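One structure below.
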Amino acid sequence: MKEYAAILVYAMPIFLVLIIIEKLYGYYKGEDTAPLMDSVSSISSGIINSLKDVLGLSVTLLSYEWMSIHLALFQQEVSIASILIAFIVIDFYGYWSHRLSHQINFLWNKHAIHHSSEEFNLSCALRQSISSFVNLFTFLLLPAAIVGVPAKVIAITLPIHLFLQFWYHTKHIKKMGILEKIIVTPSHHRVHHAINPEYMDKNHGQIFIFWDKLFGTFQEELDDVPAVFGITRPAQTWNPFRINFQHLWLLISDAWRAENWKDKLTIWFQPTGWRPANFEEKYPVAKITNVYQFTKYGSQHSKLLLYWSLFQLFLTLGLVSILYLSIANLSLENIFIYAFFIFISVYSYTELMDTNKYAMLWETIRFTYGTGVVVALGNWFQIDQLIPYGTYLVMAFISISFFGTLYFVSTDFKSEKLAIA
């Protein structure tokens, strides 16, 4: 928990600076690939995903440490060789867990969030799951365990491997020559995120592209087929919590409505998108049938709402950073109390981004909860030791947020149709 939070303290500002550079470069080139509302939603998804990981809200059915103790033929020390073995095995593990997430109905729920953006930019790399609470695929790390790669090497290499998948989520880097044959490049990953029939379910590799070539899932980006991004059942929301559980809710609903027990039981293990016979007609779900003719979600907003959403995002990022900086000095109970406030915050302001009528309810819950924390603890988790008058600043933010949300909900801002900056 504390070690990963310490890593995020350094990683978060690096990611944010790169996202801003990409945005500015897009303006300079006249090819802005990062609409701000989409970016706010993506970064918000990254916030709650990082919190879920820091809190350890997942269960590993078969731990790597157990495998390395009981199945190793011999033990290695931490070395360049053991790190290289770990990296290659983790990439093999990543390829298959990624591929299966695209192919099996119930596994798609944990991965749909990553593909939900109808744009392709660095911020969408941060759209990661909070709906995966059980790690099913640790057994794929078995080759590293057999040759005695220490568990701490795997623990160090896993986040590095994850962070190295950030850079190739961009449209601004074209094909990269000889590197196209070795590593996953932006061109390869544009194919992976595309919903064009020619590109669907291809290029599952995470660092090395040779897994796709070896196992028959490689597709080159075609000059005459421009990639169109998103998911075929579009999310139609900026709220990352809703996106995380949309597919699961559809599976639960379809299983409940299915007329025979075979469909109720097998729907979870069918190919992604499968529904019982005639369900598309009886219980239709919005679906993109022509990838070149559909309207992207939320392409128009009032500029005031846009700036308000940016304000909410940056203040929330600040509060998350303070949590990660202070986490070593907080009790486990207070860490969860703090994290819950962040979860409520993200839910509240993304509901407002969706112009949802219940946004004020969620903001009232946030205001009440945040005020209650300060009253109960007498401060905002010792923030005054880091920032003078920090508790007063947090209370000012919570209060401004409450009255700002009240303004938007009580004003017909939906009629102000100005394009996103």
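Within each chain, counting starts at residue 1; across the structure tokens, chains are named A, B, ... in the order shown, with ligands numbered 1 upward in that order.
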
| Who sits within 12 Å of range 363-376 of chain A, only C-alpha atoms, same chain under 4 positions skipped, as a ChimeraX atom specification | /A:312,334,336-352,356-359,380-383,390-409

| request: Could you find all residues in range 111-255 of chain A that DSSP calls strand (DSSP E or B) from the backbone, and write them as a list of chain:residue names? | output: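 Going through range 111-255 of chain A, the strand (DSSP E or B) residues come out as A:Val134, A:Asn135, A:Ile183, A:Ala194, A:Phe208, A:Phe229.
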
| message | Please return, as a ChimeraX atom specification, all residues of range 48-163 of chain A that DSSP assigns to alpha helix (DSSP H) on the basis of the backbone. | response | /A:48-55,64-70,80-103,105-108,112-115,142-146,151-163

| task | Write out as number ranges by chain which residues come within 9 Å of Leu136 in chain A when counting only C-alpha atoms, dropping same-chain ones fewer than 6 positions away. | result | A: 59-62, 97

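Between Ile47 in chain A and the residues A:Pro284, A:Pro159, A:Pro240, A:Gly148, the shortest atom-to-atom distance, using only C-alpha atoms, involves A:Pro240.
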
| query | Which residue out of A:Asp53, A:Asp32, A:Asp254, A:Glu259 has the minimum interatomic distance to Trp274 in chain A when only C-alpha atoms are used? | reply |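 Looking only at the distances to Trp274 in chain A, the closest residue turns out to be A:Asp254.
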
| said: Residues within 6 Å of range 105-110 of chain A, please, as number ranges by chain. Count only C-alpha atoms; anything in the same chain fewer than 4 positions from it doesn't count. | reply: A: 101, 129, 131-132, 247-248, 268-272

Would you mind exporting the chosen residues as a CSV table (one decimal), in the first residue's frame, restricted to C-alpha atoms?
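The result, stored in result.csv:
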```csv
chain,number,residue,atom,x,y,z
A,101,SER,CA,-10.6,-10.1,-21.4
A,129,SER,CA,-10.6,-0.9,-14.0
A,131,SER,CA,-14.4,-3.5,-11.2
A,132,SER,CA,-11.8,-6.3,-11.1
A,247,HIS,CA,-21.4,-4.4,-19.0
A,248,LEU,CA,-21.8,-6.4,-15.7
A,268,TRP,CA,-21.0,-15.3,-18.5
A,269,PHE,CA,-18.6,-17.6,-20.5
A,270,GLN,CA,-19.9,-16.9,-24.0
A,271,PRO,CA,-17.9,-14.7,-26.4
A,272,THR,CA,-17.9,-11.0,-25.5
```

Neighbours of Glu31 in chain A within 12 Å (only C-alpha atoms; same-chain residues fewer than 3 positions away dropped), as a PDB file with N, CA and C atoms, in the first residue's frame?
```pdb
ATOM      1  N   GLU A  22       0.823  16.846 -24.761  1.00  0.00           N
ATOM      2  CA  GLU A  22       0.102  16.309 -25.917  1.00  0.00           C
ATOM      3  C   GLU A  22      -1.023  17.256 -26.340  1.00  0.00           C
ATOM      4  N   LYS A  23      -1.743  17.805 -25.360  1.00  0.00           N
ATOM      5  CA  LYS A  23      -2.832  18.736 -25.653  1.00  0.00           C
ATOM      6  C   LYS A  23      -2.306  19.975 -26.377  1.00  0.00           C
ATOM      7  N   LEU A  24      -1.219  20.544 -25.865  1.00  0.00           N
ATOM      8  CA  LEU A  24      -0.642  21.748 -26.468  1.00  0.00           C
ATOM      9  C   LEU A  24      -0.085  21.456 -27.858  1.00  0.00           C
ATOM     10  N   TYR A  25       0.526  20.293 -28.014  1.00  0.00           N
ATOM     11  CA  TYR A  25       1.064  19.913 -29.323  1.00  0.00           C
ATOM     12  C   TYR A  25      -0.065  19.749 -30.344  1.00  0.00           C
ATOM     13  N   GLY A  26      -1.191  19.167 -29.885  1.00  0.00           N
ATOM     14  CA  GLY A  26      -2.339  19.023 -30.777  1.00  0.00           C
ATOM     15  C   GLY A  26      -2.857  20.368 -31.244  1.00  0.00           C
ATOM     16  N   TYR A  27      -2.917  21.359 -30.327  1.00  0.00           N
ATOM     17  CA  TYR A  27      -3.307  22.712 -30.725  1.00  0.00           C
ATOM     18  C   TYR A  27      -2.338  23.277 -31.760  1.00  0.00           C
ATOM     19  N   TYR A  28      -1.044  23.090 -31.488  1.00  0.00           N
ATOM     20  CA  TYR A  28      -0.009  23.632 -32.376  1.00  0.00           C
ATOM     21  C   TYR A  28      -0.109  23.023 -33.780  1.00  0.00           C
ATOM     22  N   ALA A  34      -7.465  15.493 -27.878  1.00  0.00           N
ATOM     23  CA  ALA A  34      -7.789  15.328 -26.457  1.00  0.00           C
ATOM     24  C   ALA A  34      -8.834  16.338 -26.004  1.00  0.00           C
ATOM     25  N   PRO A  35     -10.111  16.164 -26.396  1.00  0.00           N
ATOM     26  CA  PRO A  35     -11.170  17.039 -25.869  1.00  0.00           C
ATOM     27  C   PRO A  35     -11.149  17.031 -24.344  1.00  0.00           C
ATOM     28  N   ASN A 121      -5.824   9.080 -26.875  1.00  0.00           N
ATOM     29  CA  ASN A 121      -4.832  10.036 -26.399  1.00  0.00           C
ATOM     30  C   ASN A 121      -4.209   9.500 -25.122  1.00  0.00           C
ATOM     31  N   THR A 170      -1.397   7.448 -28.271  1.00  0.00           N
ATOM     32  CA  THR A 170      -1.397   8.759 -28.925  1.00  0.00           C
ATOM     33  C   THR A 170      -1.537   8.596 -30.435  1.00  0.00           C
ATOM     34  N   LYS A 171      -2.169   9.585 -31.065  1.00  0.00           N
ATOM     35  CA  LYS A 171      -2.303   9.611 -32.528  1.00  0.00           C
ATOM     36  C   LYS A 171      -1.179  10.402 -33.178  1.00  0.00           C
ATOM     37  N   HIS A 172      -0.375  11.089 -32.373  1.00  0.00           N
ATOM     38  CA  HIS A 172       0.623  12.000 -32.932  1.00  0.00           C
ATOM     39  C   HIS A 172       1.906  11.294 -33.361  1.00  0.00           C
TER      40      HIS A 172
END
```

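Of the listed residues A:Ala286, A:Leu317, A:Val78, A:Pro186, the one whose atoms come nearest to Lys152 in chain A is A:Val78, with distances taken using only C-alpha atoms.
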
| query | Using only C-alpha atoms, which of A:Leu305, A:Ile327, A:Val40, A:Leu141 sits nearest Ser117 in chain A? | reply | A:Val40

| query | Could you state the separation of CA of Tyr389 in chain A and CA of Glu333 in chain A in Å, given to one decimal place? | reply | 23.6 Å

| task | Could you please determine the separation between CA of Val285 in chain A and CA of Arg233 in chain A in Å, to one decimal place? | result | 7.3 Å

| query | CA of Val54 in chain A and CA of Ala5 in chain A are how many Å apart? | reply | 6.1 Å

| Between A:Ser50, A:Glu3, A:Phe229, A:Leu142, which one has atoms that come closest to Phe294 in chain A, using only C-alpha atoms? |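 Looking at the shortest contact to Phe294 in chain A, the residue is A:Phe229.
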